[in-house]
>>> print(open('entry_6.cif').read())   # mmCIF, C-alpha atoms
data_my_file
loop_
_atom_site.label_atom_id
_atom_site.label_comp_id
_atom_site.auth_asym_id
_atom_site.auth_seq_id
_atom_site.Cartn_x
_atom_site.Cartn_y
_atom_site.Cartn_z
CA MET C 1 0.00 0.00 0.00
CA ARG C 2 2.63 2.53 -1.02
CA ARG C 3 1.82 5.98 -2.23
CA THR C 4 4.03 8.19 -4.33
CA PRO C 5 6.96 9.26 -2.10
CA ARG C 6 6.22 12.47 -0.22
CA PHE C 7 8.33 15.62 0.09
CA ARG C 8 10.17 14.83 -3.14
CA ARG C 9 10.10 17.10 -6.12
CA PRO C 10 9.93 15.25 -9.45
CA GLY C 11 13.43 14.89 -10.94
CA PRO C 12 14.18 14.99 -14.68
CA ARG C 13 13.25 11.33 -15.20
CA ARG C 14 9.96 11.77 -13.39
CA ALA C 15 9.20 14.91 -15.37
CA VAL C 16 9.81 13.04 -18.64
CA ALA C 17 7.69 10.12 -17.47
CA ALA C 18 4.88 12.46 -16.48
CA ALA C 19 5.02 14.18 -19.85
CA LEU C 20 4.89 10.86 -21.67
CA LEU C 21 1.93 9.73 -19.59
CA ALA C 22 0.15 13.01 -20.21
CA GLY C 23 0.67 12.53 -23.92
CA LEU C 24 -0.68 9.00 -23.82
CA PHE C 25 -3.80 10.07 -21.98
CA ALA C 26 -4.33 13.13 -24.14
CA ALA C 27 -4.23 10.85 -27.15
CA GLY C 28 -6.95 8.72 -25.62
CA CYS C 29 -4.62 5.82 -24.96
CA GLY C 30 -5.04 4.87 -21.29
CA LEU C 31 -2.58 2.60 -19.56
CA VAL C 32 -5.35 0.41 -18.16
CA SER C 33 -8.18 -0.85 -20.35
CA GLY C 34 -11.52 -0.04 -18.81
CA SER C 35 -14.57 -2.21 -18.41
CA ALA C 36 -18.18 -1.24 -17.82
CA MET C 37 -19.72 -1.64 -14.37
CA THR C 38 -22.85 -3.76 -14.66
CA ASP C 39 -24.40 -3.62 -11.18
CA ASN C 40 -28.15 -3.11 -10.98
CA VAL C 41 -28.22 -0.36 -8.34
CA ARG C 42 -30.25 2.75 -7.59
CA PRO C 43 -30.03 5.57 -5.01
CA GLY C 44 -30.56 4.35 -1.46
CA PRO C 45 -32.51 6.05 1.35
CA ASN C 46 -29.42 7.97 2.54
CA ALA C 47 -28.25 9.05 -0.90
CA GLY C 48 -29.56 12.57 -0.43
CA TYR C 49 -31.32 12.81 -3.80
CA PRO C 50 -34.58 11.14 -4.91
CA ASP C 51 -34.03 10.72 -8.65
CA ARG C 52 -31.20 9.64 -10.96
CA PRO C 53 -29.52 12.95 -11.84
CA LEU C 54 -26.71 11.38 -13.90
CA THR C 55 -28.98 9.55 -16.33
CA GLY C 56 -27.46 9.76 -19.80
CA ALA C 57 -23.92 10.40 -18.54
CA GLN C 58 -20.98 8.10 -19.29
CA LEU C 59 -18.32 8.53 -16.64
CA THR C 60 -14.91 6.91 -16.20
CA VAL C 61 -13.50 6.45 -12.71
CA THR C 62 -9.88 5.72 -11.93
CA SER C 63 -7.57 5.04 -8.98
CA LYS C 64 -4.04 4.08 -8.06
CA GLU C 65 -3.19 0.42 -7.64
CA PHE C 66 -3.17 -0.15 -3.86
CA THR C 67 -6.08 -1.59 -1.90
CA GLU C 68 -7.55 1.55 -0.38
CA GLN C 69 -7.49 3.38 -3.71
CA ILE C 70 -9.12 0.51 -5.57
CA VAL C 71 -11.92 0.29 -2.99
CA LEU C 72 -12.47 4.06 -3.16
CA GLY C 73 -12.60 3.88 -6.95
CA GLN C 74 -15.23 1.16 -6.76
CA ILE C 75 -17.25 3.23 -4.28
CA MET C 76 -17.18 6.22 -6.62
CA GLY C 77 -18.17 4.14 -9.63
CA LEU C 78 -21.08 2.47 -7.85
CA VAL C 79 -22.38 5.83 -6.61
CA PHE C 80 -22.30 7.26 -10.13
CA GLN C 81 -23.99 4.13 -11.45
CA ALA C 82 -26.75 4.33 -8.84
CA ALA C 83 -27.33 7.93 -9.92
CA GLY C 84 -27.99 6.77 -13.50
CA ALA C 85 -24.59 7.01 -15.21
CA LYS C 86 -22.96 4.39 -17.36
CA VAL C 87 -19.62 3.84 -15.63
CA ILE C 88 -16.30 2.70 -17.07
CA ASP C 89 -13.95 1.22 -14.47
CA LYS C 90 -10.31 2.23 -15.01
CA THR C 91 -9.18 1.71 -11.44
CA SER C 92 -5.79 0.30 -10.41
CA ILE C 93 -3.51 2.43 -12.60
CA GLN C 94 0.11 1.98 -11.59
CA GLY C 95 1.50 4.98 -9.74
CA SER C 96 0.05 8.31 -8.69
CA ILE C 97 1.07 10.17 -11.85
CA GLY C 98 -0.92 7.84 -14.13
CA ALA C 99 -4.20 8.25 -12.25
CA ARG C 100 -3.63 11.99 -11.89
CA GLU C 101 -2.99 12.47 -15.61
CA ALA C 102 -6.05 10.41 -16.51
CA VAL C 103 -8.31 12.84 -14.65
CA LYS C 104 -6.36 15.92 -15.73
CA SER C 105 -6.54 14.99 -19.41
CA GLY C 106 -10.17 13.87 -19.33
CA THR C 107 -9.39 10.24 -20.10
CA ALA C 108 -11.03 9.67 -16.72
CA ASP C 109 -13.61 11.93 -15.13
CA ALA C 110 -12.94 11.47 -11.44
CA ALA C 111 -10.90 9.78 -8.72
CA TYR C 112 -10.47 9.91 -4.97
CA GLU C 113 -7.12 11.57 -4.20
CA TYR C 114 -5.17 12.67 -1.11
CA THR C 115 -4.77 16.35 -0.25
CA GLY C 116 -1.16 15.89 0.90
CA THR C 117 -0.28 14.15 -2.36
CA GLY C 118 -1.85 16.99 -4.30
CA TRP C 119 0.04 19.66 -2.34
CA ILE C 120 3.44 18.01 -2.18
CA THR C 121 3.75 15.54 -5.04
CA TYR C 122 1.72 17.26 -7.77
CA LEU C 123 1.98 20.94 -6.89
CA GLY C 124 5.59 20.77 -5.73
CA HIS C 125 5.43 22.20 -2.21
CA THR C 126 7.71 20.93 0.53
CA LYS C 127 5.98 22.20 3.66
CA PRO C 128 2.61 20.63 4.56
CA VAL C 129 -0.31 22.65 5.92
CA VAL C 130 -1.16 21.66 9.50
CA ASP C 131 -4.91 22.32 9.40
CA PRO C 132 -6.67 19.59 7.31
CA GLN C 133 -9.35 21.92 5.95
CA GLU C 134 -6.81 24.56 5.02
CA GLN C 135 -4.64 21.89 3.36
CA TRP C 136 -7.60 20.98 1.15
CA ARG C 137 -8.45 24.61 0.43
CA VAL C 138 -4.98 25.55 -0.82
CA VAL C 139 -4.84 22.45 -3.01
CA ARG C 140 -8.30 23.21 -4.40
CA ASP C 141 -7.39 26.80 -5.19
CA GLU C 142 -3.99 26.09 -6.78
CA ASP C 143 -5.13 23.07 -8.82
CA ARG C 144 -7.88 25.04 -10.61
CA LYS C 145 -5.32 26.19 -13.16
CA ASN C 146 -4.77 22.52 -14.07
CA GLY C 147 -8.43 22.00 -14.95
CA LEU C 148 -9.14 20.04 -11.77
CA VAL C 149 -11.80 20.53 -9.10
CA TRP C 150 -11.30 19.19 -5.58
CA LEU C 151 -14.62 18.59 -3.85
CA PRO C 152 -14.79 18.83 -0.02
CA PRO C 153 -12.63 16.25 1.77
CA SER C 154 -13.44 13.37 4.07
CA LYS C 155 -12.06 12.68 7.54
CA LEU C 156 -10.16 9.70 6.10
CA ASN C 157 -6.50 10.63 6.64
CA ASN C 158 -4.06 8.01 5.40
CA THR C 159 -0.79 9.21 6.89
CA TYR C 160 2.15 7.79 8.81
CA ALA C 161 2.05 6.79 12.48
CA LEU C 162 3.89 4.68 15.04
CA ALA C 163 2.09 1.77 16.67
CA LEU C 164 2.84 -0.96 19.20
CA ASN C 165 1.21 -4.05 20.66
CA PRO C 166 -0.83 -3.77 23.91
CA ALA C 167 1.82 -5.51 26.00
CA ASN C 168 4.50 -3.04 24.97
CA GLN C 169 2.19 -0.09 25.47
CA LYS C 170 1.49 -1.22 29.02
CA LYS C 171 5.17 -1.89 29.67
CA LEU C 172 6.45 1.40 28.22
CA GLY C 173 3.52 3.63 29.16
CA VAL C 174 3.58 5.60 25.90
CA HIS C 175 0.50 7.07 24.23
CA THR C 176 1.94 9.91 22.15
CA LEU C 177 5.08 10.55 20.12
CA SER C 178 6.14 13.03 22.79
CA ASP C 179 6.02 10.13 25.27
CA VAL C 180 8.36 8.19 22.97
CA ALA C 181 10.73 11.15 22.83
CA ALA C 182 10.81 11.37 26.62
CA LEU C 183 11.44 7.62 26.86
CA SER C 184 14.30 7.87 24.34
CA HIS C 185 16.12 10.21 26.75
CA LYS C 186 15.28 8.27 29.88
CA ASN C 187 15.88 4.76 28.51
CA PRO C 188 17.24 4.82 24.92
CA GLY C 189 17.47 1.05 24.71
CA ALA C 190 13.70 0.73 25.15
CA VAL C 191 12.93 2.61 21.92
CA THR C 192 13.38 0.06 19.14
CA LEU C 193 11.74 0.61 15.76
CA CYS C 194 10.65 -1.61 12.86
CA VAL C 195 10.36 0.55 9.73
CA GLU C 196 10.42 0.38 5.95
CA ASN C 197 13.68 1.37 4.26
CA GLU C 198 12.10 4.49 2.79
CA PHE C 199 10.65 5.70 6.08
CA ALA C 200 14.11 5.43 7.64
CA THR C 201 15.52 8.08 5.29
CA ARG C 202 12.62 10.39 4.36
CA ASN C 203 12.26 13.93 5.69
CA ASP C 204 8.62 13.15 6.49
CA GLY C 205 9.68 9.85 8.03
CA LEU C 206 12.01 8.89 10.85
CA PRO C 207 14.69 11.63 10.49
CA GLY C 208 12.13 14.44 10.39
CA MET C 209 10.03 12.93 13.17
CA ALA C 210 13.09 12.51 15.39
CA ARG C 211 14.08 16.16 14.85
CA ALA C 212 10.56 17.48 15.44
CA TYR C 213 10.12 15.58 18.70
CA GLY C 214 13.72 15.60 19.90
CA MET C 215 13.92 11.81 19.88
CA GLN C 216 17.28 10.15 20.44
CA VAL C 217 17.08 6.81 18.65
CA PRO C 218 20.45 5.03 18.12
CA SER C 219 20.85 3.67 14.59
CA GLY C 220 21.28 0.20 16.07
CA ASN C 221 17.73 0.41 17.45
CA VAL C 222 16.22 0.78 13.97
CA ARG C 223 15.41 -2.38 12.01
CA LYS C 224 14.57 -1.97 8.32
CA MET C 225 12.20 -4.34 6.52
CA THR C 226 9.34 -4.51 4.03
CA GLY C 227 5.97 -2.99 4.93
CA GLY C 228 4.06 -6.19 5.58
CA VAL C 229 6.80 -7.54 7.83
CA VAL C 230 6.72 -4.34 9.92
CA TYR C 231 3.17 -5.15 11.01
CA THR C 232 3.86 -8.77 11.93
CA GLU C 233 7.09 -7.94 13.79
CA THR C 234 5.40 -5.12 15.69
CA LYS C 235 2.59 -7.46 16.67
CA LYS C 236 5.11 -10.03 17.91
CA GLY C 237 7.01 -7.35 19.82
CA THR C 238 10.28 -7.89 17.97
CA CYS C 239 10.44 -4.10 17.97
CA ALA C 240 8.77 -1.93 20.57
CA LEU C 241 7.33 0.33 17.87
CA GLY C 242 6.48 -0.02 14.20
CA GLU C 243 5.77 2.38 11.33
CA VAL C 244 2.19 2.03 10.05
CA PHE C 245 -0.32 3.80 7.83
CA THR C 246 -3.29 5.08 9.80
CA THR C 247 -5.96 3.48 7.57
CA ASP C 248 -4.32 0.07 7.19
CA GLY C 249 -6.72 -2.76 8.04
CA ARG C 250 -3.95 -4.71 9.75
CA ILE C 251 -3.87 -2.21 12.63
CA LYS C 252 -7.20 -3.42 13.96
CA ALA C 253 -6.75 -7.02 12.83
CA MET C 254 -3.49 -7.27 14.79
CA ASN C 255 -4.77 -5.18 17.73
CA LEU C 256 -2.02 -2.58 17.36
CA GLN C 257 -2.25 0.68 19.31
CA VAL C 258 -1.55 3.85 17.32
CA LEU C 259 0.33 6.63 19.10
CA ALA C 260 -0.98 10.20 18.81
CA ASP C 261 1.07 12.58 16.68
CA ASP C 262 0.57 15.29 19.30
CA LYS C 263 2.81 17.85 17.54
CA HIS C 264 1.08 17.21 14.19
CA PHE C 265 4.35 16.40 12.41
CA PHE C 266 3.02 14.04 9.75
CA PRO C 267 1.23 15.69 6.79
CA ASN C 268 -2.52 15.47 6.27
CA TYR C 269 -3.52 12.99 3.57
CA ASN C 270 -7.28 13.44 3.66
CA VAL C 271 -9.08 11.83 0.75
CA ALA C 272 -11.28 13.99 -1.49
CA PRO C 273 -12.90 13.67 -4.94
CA GLU C 274 -10.65 15.06 -7.68
CA ILE C 275 -12.81 15.85 -10.71
CA ASN C 276 -12.03 16.92 -14.26
CA ALA C 277 -13.40 20.48 -14.45
CA ALA C 278 -15.00 20.02 -17.88
CA SER C 279 -16.72 16.84 -16.73
CA LEU C 280 -18.11 18.54 -13.64
CA LYS C 281 -19.37 21.45 -15.70
CA LYS C 282 -21.18 19.02 -18.00
CA TYR C 283 -22.49 16.85 -15.14
CA PRO C 284 -22.66 19.06 -12.00
CA ALA C 285 -24.70 16.38 -10.18
CA MET C 286 -21.44 14.46 -9.68
CA ALA C 287 -20.75 16.70 -6.68
CA GLU C 288 -24.22 16.17 -5.22
CA VAL C 289 -24.13 12.39 -5.38
CA LEU C 290 -20.60 12.10 -3.95
CA ALA C 291 -21.03 14.52 -1.04
CA PRO C 292 -22.78 12.25 1.53
CA VAL C 293 -20.52 9.31 0.72
CA THR C 294 -17.35 11.37 1.14
CA ARG C 295 -18.63 12.72 4.46
CA ALA C 296 -19.10 9.14 5.70
CA LEU C 297 -15.49 8.12 5.00
CA ASN C 298 -13.10 8.11 7.95
CA ASN C 299 -10.16 6.08 9.23
CA THR C 300 -12.37 3.52 10.99
CA VAL C 301 -14.30 2.86 7.78
CA ALA C 302 -11.09 2.66 5.75
CA GLN C 303 -9.50 0.22 8.18
CA GLU C 304 -12.56 -2.01 7.98
CA LEU C 305 -12.74 -1.99 4.19
CA ASN C 306 -8.98 -2.42 3.75
CA ARG C 307 -8.98 -5.32 6.23
CA LYS C 308 -11.69 -7.12 4.29
CA VAL C 309 -9.47 -7.05 1.21
CA ASP C 310 -5.96 -7.40 2.67
CA VAL C 311 -6.68 -9.73 5.58
CA ASP C 312 -9.88 -11.57 4.61
CA GLY C 313 -9.13 -11.77 0.88
CA GLU C 314 -12.46 -10.31 -0.31
CA ASP C 315 -13.00 -8.65 -3.69
CA PRO C 316 -12.63 -4.81 -3.60
CA HIS C 317 -15.74 -4.23 -5.73
CA GLN C 318 -17.88 -6.40 -3.48
CA VAL C 319 -16.43 -4.79 -0.35
CA ALA C 320 -17.33 -1.35 -1.69
CA LYS C 321 -20.82 -2.44 -2.72
CA VAL C 322 -21.67 -4.10 0.60
CA TRP C 323 -20.58 -0.97 2.50
CA LEU C 324 -22.67 1.34 0.28
CA LEU C 325 -25.70 -0.93 0.66
CA ARG C 326 -25.26 -1.13 4.43
CA GLU C 327 -24.95 2.64 4.75
CA GLY C 328 -28.03 3.20 2.58
CA PHE C 329 -26.24 5.13 -0.16
CA ILE C 330 -27.34 2.64 -2.83
CA ARG C 331 -29.92 -0.15 -3.09
CA GLU C 332 -30.34 -3.13 -5.36
CA GLY C 333 -32.59 -2.76 -8.41
#
>>> encode(input="entry_6.cif", output="structure tokens")
Amino acid sequence: MRRTPRFRRPGPRRAVAAALLAGLFAAGCGLVSGSAMTDNVRPGPNAGYPDRPLTGAQLTVTSKEFTEQIVLGQIMGLVFQAAGAKVIDKTSIQGSIGAREAVKSGTADAAYEYTGTGWITYLGHTKPVVDPQEQWRVVRDEDRKNGLVWLPPSKLNNTYALALNPANQKKLGVHTLSDVAALSHKNPGAVTLCVENEFATRNDGLPGMARAYGMQVPSGNVRKMTGGVVYTETKKGTCALGEVFTTDGRIKAMNLQVLADDKHFFPNYNVAPEINAASLKKYPAMAEVLAPVTRALNNTVAQELNRKVDVDGEDPHQVAKVWLLREGFIREG
């Protein structure tokens, strides 16, 4: 479940790749062949609109290739379909740039995207905005020139965190990252970390976090491994603390306890609909039908849906559909 690396400006190779992708999409040649969604669904009792305002529209939805993004893409497609649109599914495009360029060029009409990714990766800023709503607002305002509209964000914030198992939390008595910093001065040997290689070197990862909180973590206390192994080793207690993503379904499945980022170091990655401006002008009801669904998304929901796919092995489309049915946003028939 990796996103495009944060706090990195695109280098020459990335710029060339982005230009090539933009050209491919502008030429109508997508990197992922789409297929039509065929579910027989209509607006549910909590949809917020009584009719089918997108009747006659043909809309293409896209997403990046990791679990959460695929599920969100399926949610968006099903909502559009329930509102009367014919929906083409182009979810699971490799990399952030591909999905972004699809919406920007009009090859796709909409996707769920992260505000932090928009601000840092796409718009080239290096300093995140602390307030989540303000982070969305500045992205919305600056991205207008690119022909993109960012609809209001959800509370779903897929960012970094440190977590530990209940036994270690009880033993160490830590609940916040400031607690970890204090412990690192009092008992440096107690602060051992399992992290991905990238997190160990990124400015928005371990080095930046250590500076922001004044943590003293000896290099010998840091164990580097792949993302999935971090979760299992943290659960076992091989390391006292592990690097996690706040919406990962394995957090709840493994009963890991997430520590509060009490100094708000990690950027906000709230998910919001990113819409092609021309598409929204043609079909303004897209905003209306997405609004209640986006408001319902939060980290607890994301963890549940991600767990069903990553831990239980369920199909992302079915996971999205069952959630929308349960919440009353769509109904069968």
>>> resolve_selection(input="entry_6.cif", expression="the PyMOL selection byres ((chain C and resi 144) around 12)", output="ChimeraX atom specification")
/C:104,118,123,137-143,145-151,274-278
>>> closest_residue(input="entry_6.cif", among="C:Gly77, C:Gly208, C:Gly228, C:Gly106", to="Gly242 (chain C)", atoms="all atoms listed in the file")
C:Gly228
>>> axis_aligned_box(input="entry_6.cif", around="region 171-190 of chain C", padding_each_side="3 Å", output="lines of an AutoDock Vina configuration file")
center_x = 9.0
center_y = 5.6
center_z = 25.0
size_x = 23.0
size_y = 20.9
size_z = 15.8
>>> atom_distance(input="entry_6.cif", atom1="CA of Glu304 (chain C)", atom2="CA of Ser35 (chain C)")
26.5 Å
>>> closest_residue(input="entry_6.cif", among="C:Pro273, C:Gly173, C:Gly214, C:Pro166", to="Thr234 (chain C)", atoms="only C-alpha atoms")
C:Pro166
>>> atom_distance(input="entry_6.cif", atom1="CA of Val41 (chain C)", atom2="CA of Thr300 (chain C)")
25.3 Å
>>> residues_around(input="entry_6.cif", residues="Thr247 (chain C)", least_positions_apart="5", cutoff="10 Å", atoms="all atoms listed in the file", output="number ranges by chain")
C: 68, 156-161, 252, 298-307
>>> closest_residue(input="entry_6.cif", among="C:Ala260, C:Trp136, C:Tyr283, C:Glu101", to="His175 (chain C)", atoms="all atoms listed in the file")
C:Ala260
>>> closest_residue(input="entry_6.cif", among="C:Ala85, C:Ala210, C:Cys239, C:Ile251", to="Val311 (chain C)", atoms="only C-alpha atoms")
C:Ile251
>>> closest_residue(input="entry_6.cif", among="C:Ser184, C:Asn168, C:Gln81, C:Gln135", to="Ile120 (chain C)", atoms="only C-alpha atoms")
C:Gln135
>>> resolve_selection(input="entry_6.cif", expression="the PyMOL selection byres ((chain C and resi 296) around 9)", output="JSON, numbers by chain")
{"C": [154, 155, 156, 291, 292, 293, 294, 295, 297, 298, 301, 327]}
>>> resolve_selection(input="entry_6.cif", expression="the PyMOL selection byres ((chain C and resi 258) around 10)", output="JSON, numbers by chain")
{"C": [161, 162, 163, 164, 165, 169, 175, 176, 177, 241, 242, 243, 244, 245, 246, 251, 252, 255, 256, 257, 259, 260, 261]}
>>> residues_around(input="entry_6.cif", residues="region 51-60 of chain C", least_positions_apart="2", cutoff="8 Å", atoms="only C-alpha atoms", output="number ranges by chain")
C: 42-43, 49, 62, 77, 80, 82-90, 107-110, 283, 285-286
>>> atom_distance(input="entry_6.cif", atom1="CA of Pro152 (chain C)", atom2="CA of Asp131 (chain C)")
14.1 Å
>>> residues_around(input="entry_6.cif", residues="Leu183 (chain C)", least_positions_apart="6", cutoff="12 Å", atoms="all atoms listed in the file", output="list in words")
Lys171, Leu172, Gly173, Val174, His175, Thr176, Leu177, Gly189, Ala190, Val191, Thr192, Tyr213, Gly214, Met215, Gln216, Val217 and Ala240 of chain C
>>> closest_residue(input="entry_6.cif", among="C:Gly73, C:Gly124, C:Pro188, C:Pro267", to="Ala111 (chain C)", atoms="all atoms listed in the file")
C:Gly73
>>> residues_around(input="entry_6.cif", residues="Val79 (chain C)", least_positions_apart="6", cutoff="8 Å", atoms="only C-alpha atoms", output="PyMOL selection string")
chain C and resi 43+289-290+329-330
>>> decode(input="entry_6.cif", residues="region 61-79 of chain C", atoms="N, CA, C and O atoms", output="PDB file, in the first residue's frame")
ATOM      1  N   VAL C  61     -14.159   6.255 -14.005  1.00  0.00           N
ATOM      2  CA  VAL C  61     -13.504   6.447 -12.706  1.00  0.00           C
ATOM      3  C   VAL C  61     -12.148   5.754 -12.732  1.00  0.00           C
ATOM      4  O   VAL C  61     -11.957   4.749 -13.420  1.00  0.00           O
ATOM      5  N   THR C  62     -11.213   6.303 -11.977  1.00  0.00           N
ATOM      6  CA  THR C  62      -9.880   5.715 -11.931  1.00  0.00           C
ATOM      7  C   THR C  62      -9.360   5.723 -10.504  1.00  0.00           C
ATOM      8  O   THR C  62      -9.970   6.283  -9.599  1.00  0.00           O
ATOM      9  N   SER C  63      -8.220   5.069 -10.303  1.00  0.00           N
ATOM     10  CA  SER C  63      -7.573   5.038  -8.982  1.00  0.00           C
ATOM     11  C   SER C  63      -6.150   4.555  -9.159  1.00  0.00           C
ATOM     12  O   SER C  63      -5.772   4.035 -10.214  1.00  0.00           O
ATOM     13  N   LYS C  64      -5.357   4.701  -8.104  1.00  0.00           N
ATOM     14  CA  LYS C  64      -4.045   4.080  -8.059  1.00  0.00           C
ATOM     15  C   LYS C  64      -4.224   2.588  -7.792  1.00  0.00           C
ATOM     16  O   LYS C  64      -5.350   2.102  -7.665  1.00  0.00           O
ATOM     17  N   GLU C  65      -3.109   1.878  -7.622  1.00  0.00           N
ATOM     18  CA  GLU C  65      -3.185   0.420  -7.637  1.00  0.00           C
ATOM     19  C   GLU C  65      -3.218  -0.240  -6.264  1.00  0.00           C
ATOM     20  O   GLU C  65      -3.280  -1.459  -6.174  1.00  0.00           O
ATOM     21  N   PHE C  66      -3.160   0.523  -5.165  1.00  0.00           N
ATOM     22  CA  PHE C  66      -3.168  -0.152  -3.864  1.00  0.00           C
ATOM     23  C   PHE C  66      -4.592  -0.277  -3.325  1.00  0.00           C
ATOM     24  O   PHE C  66      -5.517   0.405  -3.776  1.00  0.00           O
ATOM     25  N   THR C  67      -4.764  -1.151  -2.358  1.00  0.00           N
ATOM     26  CA  THR C  67      -6.083  -1.589  -1.898  1.00  0.00           C
ATOM     27  C   THR C  67      -7.046  -0.452  -1.619  1.00  0.00           C
ATOM     28  O   THR C  67      -8.163  -0.426  -2.134  1.00  0.00           O
ATOM     29  N   GLU C  68      -6.642   0.478  -0.769  1.00  0.00           N
ATOM     30  CA  GLU C  68      -7.554   1.554  -0.383  1.00  0.00           C
ATOM     31  C   GLU C  68      -8.041   2.345  -1.593  1.00  0.00           C
ATOM     32  O   GLU C  68      -9.224   2.676  -1.697  1.00  0.00           O
ATOM     33  N   GLN C  69      -7.120   2.629  -2.516  1.00  0.00           N
ATOM     34  CA  GLN C  69      -7.487   3.382  -3.709  1.00  0.00           C
ATOM     35  C   GLN C  69      -8.453   2.607  -4.598  1.00  0.00           C
ATOM     36  O   GLN C  69      -9.403   3.177  -5.142  1.00  0.00           O
ATOM     37  N   ILE C  70      -8.230   1.329  -4.742  1.00  0.00           N
ATOM     38  CA  ILE C  70      -9.121   0.514  -5.575  1.00  0.00           C
ATOM     39  C   ILE C  70     -10.525   0.486  -4.974  1.00  0.00           C
ATOM     40  O   ILE C  70     -11.523   0.645  -5.676  1.00  0.00           O
ATOM     41  N   VAL C  71     -10.609   0.297  -3.658  1.00  0.00           N
ATOM     42  CA  VAL C  71     -11.917   0.287  -2.994  1.00  0.00           C
ATOM     43  C   VAL C  71     -12.616   1.628  -3.169  1.00  0.00           C
ATOM     44  O   VAL C  71     -13.814   1.689  -3.482  1.00  0.00           O
ATOM     45  N   LEU C  72     -11.880   2.732  -2.989  1.00  0.00           N
ATOM     46  CA  LEU C  72     -12.470   4.056  -3.162  1.00  0.00           C
ATOM     47  C   LEU C  72     -12.941   4.277  -4.595  1.00  0.00           C
ATOM     48  O   LEU C  72     -13.989   4.888  -4.833  1.00  0.00           O
ATOM     49  N   GLY C  73     -12.181   3.779  -5.555  1.00  0.00           N
ATOM     50  CA  GLY C  73     -12.598   3.882  -6.950  1.00  0.00           C
ATOM     51  C   GLY C  73     -13.879   3.116  -7.222  1.00  0.00           C
ATOM     52  O   GLY C  73     -14.753   3.583  -7.974  1.00  0.00           O
ATOM     53  N   GLN C  74     -14.002   1.945  -6.613  1.00  0.00           N
ATOM     54  CA  GLN C  74     -15.228   1.161  -6.764  1.00  0.00           C
ATOM     55  C   GLN C  74     -16.412   1.862  -6.104  1.00  0.00           C
ATOM     56  O   GLN C  74     -17.531   1.860  -6.630  1.00  0.00           O
ATOM     57  N   ILE C  75     -16.195   2.465  -4.951  1.00  0.00           N
ATOM     58  CA  ILE C  75     -17.248   3.228  -4.279  1.00  0.00           C
ATOM     59  C   ILE C  75     -17.740   4.344  -5.185  1.00  0.00           C
ATOM     60  O   ILE C  75     -18.947   4.526  -5.394  1.00  0.00           O
ATOM     61  N   MET C  76     -16.809   5.105  -5.747  1.00  0.00           N
ATOM     62  CA  MET C  76     -17.185   6.216  -6.622  1.00  0.00           C
ATOM     63  C   MET C  76     -17.972   5.721  -7.831  1.00  0.00           C
ATOM     64  O   MET C  76     -19.003   6.288  -8.194  1.00  0.00           O
ATOM     65  N   GLY C  77     -17.491   4.669  -8.458  1.00  0.00           N
ATOM     66  CA  GLY C  77     -18.173   4.141  -9.635  1.00  0.00           C
ATOM     67  C   GLY C  77     -19.583   3.667  -9.339  1.00  0.00           C
ATOM     68  O   GLY C  77     -20.522   3.932 -10.097  1.00  0.00           O
ATOM     69  N   LEU C  78     -19.754   2.968  -8.228  1.00  0.00           N
ATOM     70  CA  LEU C  78     -21.080   2.473  -7.848  1.00  0.00           C
ATOM     71  C   LEU C  78     -22.040   3.613  -7.538  1.00  0.00           C
ATOM     72  O   LEU C  78     -23.230   3.545  -7.876  1.00  0.00           O
ATOM     73  N   VAL C  79     -21.539   4.668  -6.911  1.00  0.00           N
ATOM     74  CA  VAL C  79     -22.384   5.827  -6.607  1.00  0.00           C
ATOM     75  C   VAL C  79     -22.836   6.499  -7.904  1.00  0.00           C
ATOM     76  O   VAL C  79     -24.015   6.861  -8.043  1.00  0.00           O
TER      77      VAL C  79
END
